[in-house]
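A.B. asks: Compact mmCIF, C-alpha atoms and all ligand atoms, saved as entry-v4.txt, coming up:
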```
# COMPACT_ATOMS: atom_id res chain seq x y z
CA MET A 1 22.89 -59.03 26.77
CA VAL A 2 19.57 -60.81 27.29
CA GLY A 3 18.47 -62.66 24.14
CA HIS A 4 20.66 -63.83 21.30
CA ALA A 5 18.57 -64.18 18.14
CA PHE A 6 18.43 -61.71 15.22
CA MET A 7 18.64 -58.54 17.31
CA GLY A 8 21.06 -60.18 19.71
CA ARG A 9 23.43 -60.77 16.81
CA ALA A 10 23.07 -57.15 15.62
CA HIS A 11 23.74 -55.84 19.14
CA ALA A 12 26.64 -58.24 19.77
CA ASN A 13 28.29 -57.08 16.56
CA ALA A 14 27.91 -53.48 17.76
CA PHE A 15 29.42 -54.29 21.17
CA ARG A 16 32.46 -55.82 19.48
CA GLN A 17 32.91 -53.21 16.75
CA VAL A 18 32.16 -49.93 18.54
CA GLY A 19 35.62 -49.54 20.17
CA ARG A 20 37.33 -50.15 16.83
CA PHE A 21 35.68 -47.20 15.12
CA PHE A 22 34.80 -44.67 17.83
CA ASP A 23 36.83 -42.92 20.54
CA LEU A 24 34.96 -43.92 23.67
CA PRO A 25 35.32 -42.85 27.32
CA PHE A 26 36.01 -46.48 28.24
CA GLU A 27 36.45 -50.01 26.92
CA VAL A 28 33.33 -52.16 26.31
CA THR A 29 33.49 -55.82 27.42
CA PRO A 30 30.70 -58.07 26.11
CA ARG A 31 30.62 -60.07 29.35
CA VAL A 32 27.52 -62.29 29.70
CA VAL A 33 24.93 -63.45 27.18
CA VAL A 34 21.73 -64.56 28.92
CA GLY A 35 19.29 -67.02 27.37
CA ARG A 36 16.59 -69.47 28.34
CA ASP A 37 18.38 -72.62 27.18
CA PRO A 38 21.92 -73.29 28.54
CA ASP A 39 23.22 -75.04 25.43
CA ARG A 40 21.91 -72.37 23.06
CA ALA A 41 23.19 -69.57 25.31
CA GLU A 42 26.63 -71.21 25.39
CA ALA A 43 26.63 -71.59 21.59
CA ALA A 44 25.69 -67.90 21.34
CA ARG A 45 28.52 -67.01 23.75
CA ARG A 46 31.06 -68.71 21.50
CA GLN A 47 29.68 -67.34 18.26
CA LEU A 48 28.94 -63.78 19.40
CA GLY A 49 32.10 -63.34 21.48
CA PHE A 50 30.99 -63.01 25.10
CA LEU A 51 33.04 -64.15 28.09
CA GLU A 52 30.23 -66.09 29.78
CA SER A 53 26.77 -67.47 29.17
CA SER A 54 23.98 -67.81 31.72
CA VAL A 55 20.31 -68.73 32.14
CA ASP A 56 20.09 -66.93 35.51
CA LEU A 57 19.35 -63.25 34.86
CA ALA A 58 18.79 -62.47 38.57
CA ALA A 59 22.33 -63.64 39.40
CA VAL A 60 23.80 -61.64 36.51
CA LEU A 61 22.00 -58.49 37.68
CA GLU A 62 23.62 -58.82 41.11
CA ARG A 63 27.13 -58.68 39.67
CA ASP A 64 29.04 -55.45 40.01
CA ASP A 65 31.11 -56.22 36.89
CA VAL A 66 27.98 -55.76 34.77
CA SER A 67 27.07 -52.09 34.25
CA ILE A 68 24.86 -52.12 31.15
CA VAL A 69 22.01 -54.54 30.45
CA ASP A 70 20.90 -54.93 26.85
CA VAL A 71 17.36 -56.25 26.25
CA ALA A 72 17.29 -58.16 22.95
CA THR A 73 14.28 -60.39 23.66
CA PRO A 74 10.74 -60.53 22.28
CA ASN A 75 8.45 -57.67 23.33
CA ASP A 76 6.66 -59.42 26.23
CA SER A 77 9.80 -59.51 28.41
CA HIS A 78 11.12 -55.98 27.77
CA ALA A 79 9.38 -54.47 30.81
CA GLU A 80 10.28 -57.22 33.28
CA ILE A 81 13.95 -57.29 32.31
CA ALA A 82 14.42 -53.51 32.00
CA ILE A 83 12.70 -52.85 35.35
CA ALA A 84 14.77 -55.51 37.13
CA ALA A 85 17.96 -54.10 35.59
CA LEU A 86 17.09 -50.51 36.58
CA LYS A 87 16.34 -51.66 40.16
CA ALA A 88 19.75 -53.37 40.16
CA GLY A 89 21.35 -50.03 39.26
CA LYS A 90 22.27 -50.87 35.68
CA HIS A 91 22.09 -48.69 32.57
CA VAL A 92 19.60 -50.23 30.10
CA LEU A 93 19.46 -50.48 26.33
CA CYS A 94 16.21 -52.01 25.02
CA GLU A 95 14.99 -53.17 21.61
CA LYS A 96 11.95 -51.50 20.10
CA PRO A 97 9.08 -51.27 20.71
CA LEU A 98 9.65 -50.33 24.33
CA ALA A 99 6.87 -52.56 25.66
CA LEU A 100 3.83 -54.69 24.88
CA ASN A 101 1.43 -51.84 25.62
CA LEU A 102 1.06 -48.31 26.96
CA ALA A 103 0.66 -49.33 30.60
CA GLN A 104 3.99 -51.19 30.63
CA ALA A 105 5.70 -48.34 28.76
CA LYS A 106 4.48 -45.83 31.36
CA ARG A 107 5.90 -47.94 34.21
CA MET A 108 9.27 -48.32 32.44
CA ALA A 109 9.58 -44.60 31.68
CA ALA A 110 8.60 -43.63 35.24
CA LEU A 111 11.12 -46.02 36.77
CA ALA A 112 13.90 -44.91 34.41
CA LYS A 113 13.36 -41.32 35.54
CA LYS A 114 13.47 -42.32 39.22
CA ALA A 115 16.43 -44.68 38.84
CA LYS A 116 18.62 -41.95 37.34
CA MET A 117 20.31 -44.51 35.11
CA GLN A 118 20.91 -43.96 31.41
CA VAL A 119 18.37 -45.74 29.22
CA GLY A 120 18.13 -46.08 25.47
CA LEU A 121 16.10 -47.69 22.70
CA TRP A 122 17.65 -49.32 19.63
CA HIS A 123 15.71 -47.29 17.09
CA ASN A 124 18.76 -47.80 14.90
CA TYR A 125 17.54 -46.05 11.73
CA ARG A 126 17.92 -42.60 13.33
CA ARG A 127 21.69 -43.06 13.15
CA CYS A 128 21.86 -44.00 9.53
CA PRO A 129 24.05 -41.05 8.37
CA ALA A 130 21.47 -39.95 5.75
CA ALA A 131 18.63 -40.01 8.31
CA SER A 132 20.68 -37.99 10.79
CA LEU A 133 21.55 -35.52 8.02
CA ALA A 134 17.83 -35.22 7.19
CA GLN A 135 17.12 -34.33 10.81
CA GLN A 136 19.81 -31.64 10.78
CA MET A 137 18.54 -30.21 7.45
CA ILE A 138 14.92 -30.08 8.62
CA LYS A 139 15.98 -28.54 11.92
CA ARG A 140 17.87 -25.74 10.13
CA GLY A 141 14.85 -25.03 7.94
CA GLU A 142 16.03 -26.41 4.59
CA ILE A 143 12.48 -27.48 3.67
CA GLY A 144 10.62 -24.78 5.63
CA LYS A 145 7.72 -25.59 7.95
CA VAL A 146 6.67 -29.24 7.84
CA ARG A 147 3.16 -29.82 6.46
CA GLN A 148 3.04 -33.55 5.64
CA VAL A 149 4.78 -36.82 6.56
CA ARG A 150 4.34 -39.91 4.37
CA ALA A 151 5.97 -43.09 5.69
CA VAL A 152 5.80 -46.78 4.81
CA TYR A 153 7.59 -49.84 6.18
CA LEU A 154 6.84 -52.76 3.86
CA GLN A 155 8.02 -56.38 4.13
CA ASP A 156 6.79 -59.58 2.49
CA TRP A 157 7.94 -62.47 4.69
CA LEU A 158 4.40 -63.48 5.69
CA SER A 159 2.86 -63.21 2.20
CA ASP A 160 2.86 -67.01 1.88
CA ALA A 161 0.04 -68.51 3.94
CA LYS A 162 2.36 -71.44 4.63
CA ALA A 163 5.02 -69.23 6.27
CA LEU A 164 5.43 -70.38 9.88
CA GLY A 165 3.89 -68.52 12.80
CA SER A 166 6.22 -67.27 15.55
CA TRP A 167 6.23 -64.97 18.60
CA ARG A 168 5.71 -62.17 16.07
CA THR A 169 2.22 -63.49 15.26
CA LYS A 170 1.04 -63.93 18.89
CA GLN A 171 -0.50 -60.89 20.56
CA LYS A 172 0.44 -61.98 24.11
CA VAL A 173 4.13 -62.00 23.09
CA CYS A 174 4.43 -59.18 20.54
CA GLY A 175 1.56 -56.85 21.44
CA SER A 176 0.73 -56.22 17.77
CA GLY A 177 2.00 -57.47 14.40
CA ALA A 178 3.45 -55.33 11.62
CA HIS A 179 2.15 -52.30 13.55
CA GLY A 180 4.32 -52.52 16.67
CA ASP A 181 7.21 -54.03 14.74
CA LEU A 182 7.37 -51.57 11.83
CA ASN A 183 5.11 -48.55 12.45
CA ALA A 184 7.14 -48.15 15.68
CA HIS A 185 10.17 -47.28 13.54
CA LEU A 186 8.14 -44.84 11.40
CA ILE A 187 6.66 -43.06 14.43
CA ASP A 188 10.06 -42.72 16.10
CA MET A 189 11.64 -41.52 12.86
CA THR A 190 8.88 -38.90 12.50
CA HIS A 191 9.51 -37.66 16.04
CA PHE A 192 13.25 -37.57 15.32
CA LEU A 193 13.13 -35.86 11.92
CA THR A 194 10.39 -33.31 12.56
CA GLY A 195 9.86 -32.89 16.32
CA LEU A 196 6.11 -33.04 15.56
CA ARG A 197 3.73 -34.38 18.22
CA PHE A 198 0.93 -36.74 17.14
CA ALA A 199 -2.48 -35.38 18.20
CA GLU A 200 -5.00 -37.92 16.86
CA VAL A 201 -4.99 -40.93 14.56
CA SER A 202 -7.37 -43.05 12.48
CA GLY A 203 -6.25 -46.63 11.83
CA MET A 204 -7.22 -49.63 9.72
CA GLU A 205 -5.82 -53.13 10.22
CA GLN A 206 -6.12 -56.46 8.45
CA THR A 207 -5.08 -60.03 9.23
CA PHE A 208 -5.09 -61.79 5.86
CA VAL A 209 -3.96 -65.20 7.11
CA LYS A 210 -5.98 -66.04 10.23
CA ARG A 211 -4.17 -69.27 11.19
CA ARG A 212 -0.56 -70.39 10.79
CA ARG A 213 1.36 -73.55 11.58
CA ASP A 214 4.15 -72.96 14.10
CA ALA A 215 7.59 -74.59 14.08
CA ASP A 216 6.17 -77.26 16.45
CA GLY A 217 3.73 -78.30 13.69
CA LYS A 218 0.64 -77.06 15.54
CA SER A 219 -1.78 -74.72 13.76
CA ARG A 220 -2.64 -71.64 15.83
CA SER A 221 -4.72 -68.55 15.24
CA VAL A 222 -2.98 -65.30 14.27
CA ASP A 223 -4.35 -62.63 16.66
CA VAL A 224 -2.31 -59.67 15.40
CA ASP A 225 -2.34 -57.48 12.28
CA ASP A 226 -0.56 -58.51 9.10
CA ALA A 227 -0.91 -54.88 8.03
CA LEU A 228 -1.95 -51.66 9.74
CA ALA A 229 -2.21 -48.24 8.08
CA PHE A 230 -3.16 -45.03 9.84
CA LEU A 231 -3.78 -41.34 9.21
CA ALA A 232 -2.40 -38.80 11.66
CA ARG A 233 -3.08 -35.21 12.60
CA PHE A 234 -0.20 -33.49 14.39
CA GLU A 235 -0.34 -30.62 16.85
CA GLY A 236 0.03 -27.43 14.83
CA GLY A 237 -1.85 -28.65 11.73
CA ALA A 238 0.55 -30.98 9.90
CA ILE A 239 -0.85 -34.31 8.72
CA GLY A 240 0.65 -37.73 7.99
CA THR A 241 0.02 -41.20 6.54
CA PHE A 242 1.71 -44.34 7.87
CA GLU A 243 1.65 -47.94 6.64
CA ALA A 244 3.21 -51.15 7.92
CA THR A 245 2.76 -54.55 6.33
CA ARG A 246 4.39 -57.97 6.08
CA MET A 247 2.36 -58.78 2.97
CA ALA A 248 3.86 -56.64 0.19
CA PRO A 249 5.51 -59.13 -2.22
CA GLY A 250 8.90 -57.83 -3.36
CA ARG A 251 9.25 -55.32 -0.52
CA LYS A 252 11.91 -56.99 1.66
CA ASN A 253 12.69 -54.25 4.18
CA TYR A 254 11.32 -51.15 2.48
CA ASN A 255 11.42 -48.42 5.09
CA GLN A 256 10.81 -45.05 3.48
CA ILE A 257 9.81 -41.62 4.77
CA GLU A 258 9.15 -38.36 2.91
CA VAL A 259 8.63 -35.02 4.65
CA ASN A 260 6.97 -32.17 2.74
CA GLY A 261 7.54 -28.61 3.93
CA THR A 262 6.63 -25.14 2.70
CA GLU A 263 9.99 -24.72 0.86
CA GLY A 264 10.74 -28.28 -0.25
CA SER A 265 10.79 -32.00 0.51
CA ILE A 266 13.21 -34.58 1.86
CA ARG A 267 13.04 -38.34 1.32
CA TRP A 268 14.99 -41.24 2.84
CA ASN A 269 14.69 -44.90 1.77
CA LEU A 270 16.45 -47.72 3.65
CA GLU A 271 17.01 -49.62 0.40
CA ARG A 272 19.29 -46.74 -0.62
CA MET A 273 20.28 -45.96 2.96
CA ASN A 274 23.44 -43.94 2.16
CA GLU A 275 21.54 -41.43 0.04
CA LEU A 276 19.18 -38.59 0.86
CA GLU A 277 16.87 -36.93 -1.67
CA LEU A 278 16.24 -33.21 -1.30
CA PHE A 279 13.97 -30.91 -3.30
CA ARG A 280 13.92 -27.13 -2.80
CA PHE A 281 11.83 -24.64 -4.72
CA ASP A 282 14.65 -22.09 -4.62
CA ALA A 283 16.65 -23.88 -7.33
CA PRO A 284 16.43 -22.19 -10.80
CA ARG A 285 13.18 -23.25 -12.51
CA ASP A 286 14.93 -25.11 -15.34
CA GLY A 287 17.02 -27.06 -12.86
CA GLN A 288 14.39 -28.04 -10.31
CA GLY A 289 14.11 -31.61 -9.16
CA PHE A 290 15.05 -33.93 -6.31
CA ARG A 291 18.80 -34.10 -5.93
CA ARG A 292 20.59 -37.12 -4.48
CA ILE A 293 23.00 -36.40 -1.63
CA MET A 294 25.55 -39.16 -1.01
CA CYS A 295 25.96 -39.16 2.78
CA MET A 296 29.37 -40.72 3.23
CA ASP A 297 31.71 -37.76 3.31
CA GLU A 298 33.43 -36.40 6.40
CA PRO A 299 30.83 -33.70 7.26
CA HIS A 300 27.98 -36.23 7.22
CA PRO A 301 26.98 -37.70 10.62
CA TYR A 302 29.11 -40.72 11.66
CA ALA A 303 30.74 -40.90 8.20
CA ALA A 304 34.14 -39.83 9.51
CA ASN A 305 34.20 -42.83 11.86
CA TRP A 306 33.99 -45.28 8.99
CA TRP A 307 35.45 -45.33 5.50
CA PRO A 308 36.51 -42.73 2.90
CA ASP A 309 33.78 -41.01 0.90
CA GLY A 310 31.69 -43.37 -1.24
CA HIS A 311 32.50 -46.62 0.65
CA ILE A 312 28.92 -47.35 1.66
CA LEU A 313 27.62 -48.41 5.10
CA GLY A 314 25.07 -51.11 5.87
CA TYR A 315 22.34 -52.09 8.33
CA GLU A 316 24.80 -53.23 11.01
CA HIS A 317 26.60 -49.87 11.12
CA THR A 318 23.43 -48.15 12.34
CA PHE A 319 23.60 -50.28 15.52
CA VAL A 320 27.28 -49.42 16.04
CA ASN A 321 26.53 -45.68 15.62
CA THR A 322 23.65 -45.99 18.09
CA LEU A 323 25.79 -47.77 20.68
CA ALA A 324 28.62 -45.25 20.27
CA ASP A 325 26.29 -42.36 21.10
CA PHE A 326 24.78 -44.27 24.03
CA LEU A 327 28.21 -45.04 25.51
CA ARG A 328 29.44 -41.48 25.00
CA SER A 329 26.29 -40.19 26.73
CA LEU A 330 27.31 -42.12 29.88
CA ARG A 331 30.26 -39.78 30.35
CA GLY A 332 28.87 -36.53 31.78
CA ARG A 333 25.38 -38.06 31.71
CA LYS A 334 24.15 -36.24 28.58
CA VAL A 335 20.60 -37.43 27.89
CA PHE A 336 20.59 -40.09 25.16
CA SER A 337 17.73 -40.20 22.67
CA PRO A 338 15.70 -42.24 21.95
CA ASN A 339 15.23 -43.00 25.66
CA PHE A 340 12.25 -44.50 27.50
CA ASP A 341 10.33 -41.20 27.34
CA ASP A 342 10.71 -41.32 23.55
CA GLY A 343 9.65 -44.97 23.64
CA LEU A 344 6.59 -44.04 25.68
CA ARG A 345 5.63 -41.42 23.09
CA VAL A 346 5.90 -44.06 20.34
CA GLN A 347 3.83 -46.50 22.39
CA ALA A 348 1.10 -43.86 22.87
CA VAL A 349 0.75 -43.50 19.09
CA LEU A 350 0.87 -47.27 18.51
CA ASP A 351 -1.78 -47.75 21.16
CA ALA A 352 -4.10 -45.03 19.79
CA ALA A 353 -3.82 -46.30 16.19
CA LEU A 354 -4.61 -49.86 17.27
CA LYS A 355 -7.58 -48.66 19.33
CA SER A 356 -8.78 -46.62 16.34
CA ALA A 357 -8.48 -49.62 14.01
CA LYS A 358 -10.59 -51.72 16.36
CA THR A 359 -13.24 -49.07 17.06
CA ARG A 360 -13.25 -47.50 13.57
CA ARG A 361 -13.10 -43.96 14.91
CA TRP A 362 -10.48 -41.24 15.34
CA VAL A 363 -8.60 -41.61 18.63
CA LYS A 364 -6.66 -38.89 20.45
CA VAL A 365 -3.04 -39.75 21.26
CA SER A 366 -2.56 -39.65 25.02
CA SER A 367 0.04 -37.08 26.01
C1 LIG B 401 11.40 -57.70 11.50
O1 LIG B 401 10.35 -57.05 11.00
C2 LIG B 401 12.54 -56.73 11.76
O2 LIG B 401 13.60 -57.50 12.23
C3 LIG B 401 12.18 -55.69 12.82
O3 LIG B 401 11.84 -56.31 14.04
C4 LIG B 401 13.38 -54.76 13.03
O4 LIG B 401 13.09 -53.76 14.00
C5 LIG B 401 13.70 -54.10 11.70
O5 LIG B 401 14.82 -53.24 11.84
C6 LIG B 401 14.00 -55.16 10.63
O6 LIG B 401 12.89 -56.08 10.54
```
Can the structure in the file be given as structure tokens, please?
C.D. replies:
Amino acid sequence: MVGHAFMGRAHANAFRQVGRFFDLPFEVTPRVVVGRDPDRAEAARRQLGFLESSVDLAAVLERDDVSIVDVATPNDSHAEIAIAALKAGKHVLCEKPLALNLAQAKRMAALAKKAKMQVGLWHNYRRCPAASLAQQMIKRGEIGKVRQVRAVYLQDWLSDAKALGSWRTKQKVCGSGAHGDLNAHLIDMTHFLTGLRFAEVSGMEQTFVKRRRDADGKSRSVDVDDALAFLARFEGGAIGTFEATRMAPGRKNYNQIEVNGTEGSIRWNLERMNELELFRFDAPRDGQGFRRIMCMDEPHPYAANWWPDGHILGYEHTFVNTLADFLRSLRGRKVFSPNFDDGLRVQAVLDAALKSAKTRRWVKVSS
């Protein structure tokens, strides 16, 4: 595992838990945690439960007792690490978004195809049981043909102008702000739930706080969006609205998507992540309304691997579910999704929406 901050902790937890809750084709050993600072990497090794720590990725990639490389670093190093790992013949899991920009994403997807290794992206919300159930329901036609998608991912941790800047506010490290961080999840979730393909987008961005003091005390300009909203037209005529912000006071991690079809609607909200809301016109008129499905019973995706009905799951379980499917896909080489092709499709939409926001015109999404 390369990187050991917030996502590194979420991934490390998944590496340690997955064998306790899923029948896997083989045992998982969290072997080496790689960082930039030896003392911090060693502290992470102890806390996160790896056998070794290292600051020498090249040496780790040469080892034949390392078969999967997990990229849990900021966005500007995803391409370099994933490409080196693929060239070293390793399977690769990578945090979202796949890359800094479309060009890097294209290179990563092309190499993954050539390398014939299994690759995956940690778009963890797909494997929230309720989100996976929504995908199954939409696929079997429960809401008819999809007409509209309405998705928001709202946070508020940068609302205060005095909040510190970080790699997430520097374009050369993160690529874009709330857009690449949060709209990436909404775009991937839309692909997953509906199978729709984005055709063209019209975006609007805003940076409300133009300079921030970093942890080193220096004030630096913020060259990424604090918020980016965009309209989308899909192939086939469906339309969508998407919004990402870090400036919505009170919205801590409010990731919500609603899909409207010809026969009904489905809505999932991360703040009530174990529940799915479904509306269908075919209920009797006097009983119509959204009904709340509790997605923790045996037939619901992943639920049987965890606790009895009603014992709710949390954020960290979505990473364990994701890893379980990735590991199971290694046996018999079933294609895991989201892979780097899926990540490239997300990057194409991110890229088009950002271009649209800067040029104030509709932009076609490159296929
Ligand atoms: C910060 O916005 C963040 O950690 C994202 O980077 C993650 O992808 C999201 O799952 C939670 O919020």
A.B. asks: Pull the closest atom pair for each residue of chain A that gets at most 8 Å from ligand LIG 401 (chain B), along with the distance in Å to one decimal, counting only C-alpha atoms and all ligand atoms, ordering rows by chain and then ascending residue number, as JSON lines.
C.D. replies:
```
{"residue": "A:Phe6", "atom": "CA", "partner": "B:LIG401", "partner_atom": "O2", "distance": 7.1}
{"residue": "A:Met7", "atom": "CA", "partner": "B:LIG401", "partner_atom": "O2", "distance": 7.2}
{"residue": "A:Glu95", "atom": "CA", "partner": "B:LIG401", "partner_atom": "O4", "distance": 7.9}
{"residue": "A:Lys96", "atom": "CA", "partner": "B:LIG401", "partner_atom": "O4", "distance": 6.6}
{"residue": "A:His123", "atom": "CA", "partner": "B:LIG401", "partner_atom": "O4", "distance": 7.6}
{"residue": "A:Asn124", "atom": "CA", "partner": "B:LIG401", "partner_atom": "O5", "distance": 7.4}
{"residue": "A:Tyr125", "atom": "CA", "partner": "B:LIG401", "partner_atom": "O5", "distance": 7.7}
{"residue": "A:Gln155", "atom": "CA", "partner": "B:LIG401", "partner_atom": "O1", "distance": 7.3}
{"residue": "A:Ala178", "atom": "CA", "partner": "B:LIG401", "partner_atom": "O1", "distance": 7.1}
{"residue": "A:Asp181", "atom": "CA", "partner": "B:LIG401", "partner_atom": "O3", "distance": 5.2}
{"residue": "A:Leu182", "atom": "CA", "partner": "B:LIG401", "partner_atom": "O1", "distance": 6.3}
{"residue": "A:His185", "atom": "CA", "partner": "B:LIG401", "partner_atom": "O4", "distance": 7.1}
{"residue": "A:Arg246", "atom": "CA", "partner": "B:LIG401", "partner_atom": "O1", "distance": 7.8}
{"residue": "A:Asn253", "atom": "CA", "partner": "B:LIG401", "partner_atom": "O6", "distance": 6.6}
```
A.B. asks: Leaving out range 255-258 of chain A and any residue of its chain fewer than 4 positions from it, which residues lie within 6 Å of it when counting only C-alpha atoms, given as a count of residues only?
C.D. replies: 10
A.B. asks: List as a short mmCIF file (atom, residue, chain, number, x, y, z; two decimals) with C-alpha atoms, keeping the file's coordinate frame the protein and nucleic acid residues near range 164-177 of chain A, meaning an atom at most 10 Å away when only C-alpha atoms are counted, but skip any in the same chain fewer than 6 places from it.
C.D. replies:
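The resulting out.cif:
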```cif
data_model
loop_
_atom_site.label_atom_id
_atom_site.label_comp_id
_atom_site.auth_asym_id
_atom_site.auth_seq_id
_atom_site.Cartn_x
_atom_site.Cartn_y
_atom_site.Cartn_z
CA PRO A 74 10.74 -60.53 22.28
CA ASN A 75 8.45 -57.67 23.33
CA ASP A 76 6.66 -59.42 26.23
CA SER A 77 9.80 -59.51 28.41
CA PRO A 97 9.08 -51.27 20.71
CA ALA A 99 6.87 -52.56 25.66
CA LEU A 100 3.83 -54.69 24.88
CA ASN A 101 1.43 -51.84 25.62
CA TRP A 157 7.94 -62.47 4.69
CA LEU A 158 4.40 -63.48 5.69
CA ASN A 183 5.11 -48.55 12.45
CA GLU A 205 -5.82 -53.13 10.22
CA THR A 207 -5.08 -60.03 9.23
CA LYS A 210 -5.98 -66.04 10.23
CA ARG A 211 -4.17 -69.27 11.19
CA ARG A 212 -0.56 -70.39 10.79
CA ARG A 213 1.36 -73.55 11.58
CA ASP A 214 4.15 -72.96 14.10
CA ALA A 215 7.59 -74.59 14.08
CA ASP A 216 6.17 -77.26 16.45
CA GLY A 217 3.73 -78.30 13.69
CA LYS A 218 0.64 -77.06 15.54
CA SER A 219 -1.78 -74.72 13.76
CA ARG A 220 -2.64 -71.64 15.83
CA SER A 221 -4.72 -68.55 15.24
CA VAL A 222 -2.98 -65.30 14.27
CA ASP A 223 -4.35 -62.63 16.66
CA VAL A 224 -2.31 -59.67 15.40
CA ASP A 225 -2.34 -57.48 12.28
CA ASP A 226 -0.56 -58.51 9.10
CA ALA A 227 -0.91 -54.88 8.03
CA LEU A 228 -1.95 -51.66 9.74
CA ALA A 244 3.21 -51.15 7.92
CA THR A 245 2.76 -54.55 6.33
CA ARG A 246 4.39 -57.97 6.08
CA LEU A 350 0.87 -47.27 18.51
CA ASP A 351 -1.78 -47.75 21.16
CA LEU A 354 -4.61 -49.86 17.27
#
```
A.B. asks: If I take CA of Ala82 in chain A and CA of Pro30 in chain A, how far is one from the other in Å, to one decimal?
C.D. replies: 17.9 Å
A.B. asks: Could you tell me which of A:Ala79, A:Val33, A:Gly120, A:Asp342 comes closest to Ser329 in chain A if we count only C-alpha atoms?
C.D. replies: A:Gly120
A.B. asks: Taking only C-alpha atoms into account, name the residue in A:Arg280, A:Arg331, A:His317, A:His300 that is nearest to Ala134 in chain A.
C.D. replies: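 Among the listed residues, the smallest separation from Ala134 in chain A belongs to A:His300.
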A.B. asks: Nearest to Lys139 in chain A among A:Ile187, A:Met273, A:Leu193, A:Ala14, with distances taken over all atoms listed in the file: which residue is it?
C.D. replies: A:Leu193
A.B. asks: CA of Lys113 in chain A to CA of Leu98 in chain A: how many Å, to one decimal?
C.D. replies: 14.9 Å
A.B. asks: Using all atoms listed in the file, which of the listed residues (A:His91, A:His311, A:Arg272, A:Lys334) sits closest to Arg292 in chain A?
C.D. replies: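 Looking only at the distances to Arg292 in chain A, the closest residue turns out to be A:Arg272.
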A.B. asks: Tell me which of A:Pro249, A:Thr194, A:Met189, A:Phe15 sits closest to Arg127 in chain A, counting only C-alpha atoms.
C.D. replies: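 The answer is A:Met189, which sits nearest to Arg127 in chain A.
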A.B. asks: Could the centre and edge lengths of an axis-aligned box, enclosing all atoms of range 178-191 of chain A in the file with 4 Å extra on each side, be given in Å to one decimal as AutoDock Vina command-line options?
C.D. replies:
```
--center_x 6.9 --center_y -46.5 --center_z 14.0 --size_x 17.5 --size_y 25.7 --size_z 13.3
```
A.B. asks: Choose the residue, out of A:Glu80, A:Asp37, A:Asp188, A:Asn321, that has the smallest atom-to-atom separation from Trp306 in chain A; count only C-alpha atoms.
C.D. replies: A:Asn321
A.B. asks: With all atoms listed in the file as the counted atoms, please give the residues lying no more than 12 Å from Val365 in chain A, apart from itself and same-chain residues fewer than 3 positions off, as a ChimeraX atom specification.
C.D. replies: /A:102,197-202,232-235,344-356,362
A.B. asks: Give me the residues within 12 Å of range 323-328 of chain A as a compact mmCIF listing (two decimals) with C-alpha atoms, in the frame of the given file, counting all atoms listed in the file and dropping any in the same chain fewer than 6 places off.
C.D. replies:
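Listing of selection17.txt after writing:
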```txt
# COMPACT_ATOMS: atom_id res chain seq x y z
CA ALA A 10 23.07 -57.15 15.62
CA HIS A 11 23.74 -55.84 19.14
CA ALA A 12 26.64 -58.24 19.77
CA ASN A 13 28.29 -57.08 16.56
CA ALA A 14 27.91 -53.48 17.76
CA PHE A 15 29.42 -54.29 21.17
CA ARG A 16 32.46 -55.82 19.48
CA GLN A 17 32.91 -53.21 16.75
CA VAL A 18 32.16 -49.93 18.54
CA GLY A 19 35.62 -49.54 20.17
CA ARG A 20 37.33 -50.15 16.83
CA PHE A 21 35.68 -47.20 15.12
CA PHE A 22 34.80 -44.67 17.83
CA ASP A 23 36.83 -42.92 20.54
CA LEU A 24 34.96 -43.92 23.67
CA PRO A 25 35.32 -42.85 27.32
CA PHE A 26 36.01 -46.48 28.24
CA GLU A 27 36.45 -50.01 26.92
CA VAL A 28 33.33 -52.16 26.31
CA SER A 67 27.07 -52.09 34.25
CA ILE A 68 24.86 -52.12 31.15
CA ASP A 70 20.90 -54.93 26.85
CA HIS A 91 22.09 -48.69 32.57
CA VAL A 92 19.60 -50.23 30.10
CA LEU A 93 19.46 -50.48 26.33
CA CYS A 94 16.21 -52.01 25.02
CA MET A 117 20.31 -44.51 35.11
CA GLN A 118 20.91 -43.96 31.41
CA VAL A 119 18.37 -45.74 29.22
CA GLY A 120 18.13 -46.08 25.47
CA LEU A 121 16.10 -47.69 22.70
CA TRP A 122 17.65 -49.32 19.63
CA HIS A 123 15.71 -47.29 17.09
CA ASN A 124 18.76 -47.80 14.90
CA ARG A 126 17.92 -42.60 13.33
CA ARG A 127 21.69 -43.06 13.15
CA PRO A 301 26.98 -37.70 10.62
CA TYR A 302 29.11 -40.72 11.66
CA ASN A 305 34.20 -42.83 11.86
CA GLU A 316 24.80 -53.23 11.01
CA HIS A 317 26.60 -49.87 11.12
CA LYS A 334 24.15 -36.24 28.58
CA VAL A 335 20.60 -37.43 27.89
CA PHE A 336 20.59 -40.09 25.16
CA SER A 337 17.73 -40.20 22.67
CA PRO A 338 15.70 -42.24 21.95
CA ASN A 339 15.23 -43.00 25.66
```
A.B. asks: Leaving out Glu263 in chain A and any residue of its chain fewer than 5 positions from it, which residues lie within 6 Å of it when counting all atoms listed in the file, given as a PDB file with C-alpha atoms, in the coordinates of the input?
C.D. replies:
```pdb
ATOM      1  CA  ILE A 143      12.480 -27.480   3.670  1.00  0.00           C
ATOM      2  CA  GLY A 144      10.620 -24.780   5.630  1.00  0.00           C
ATOM      3  CA  ARG A 280      13.920 -27.130  -2.800  1.00  0.00           C
ATOM      4  CA  PHE A 281      11.830 -24.640  -4.720  1.00  0.00           C
TER       5      PHE A 281
END
```
A.B. asks: Would you mind reading off the distance between CA of Met1 in chain A and CA of Arg63 in chain A, one decimal, in Å?
C.D. replies: 13.6 Å
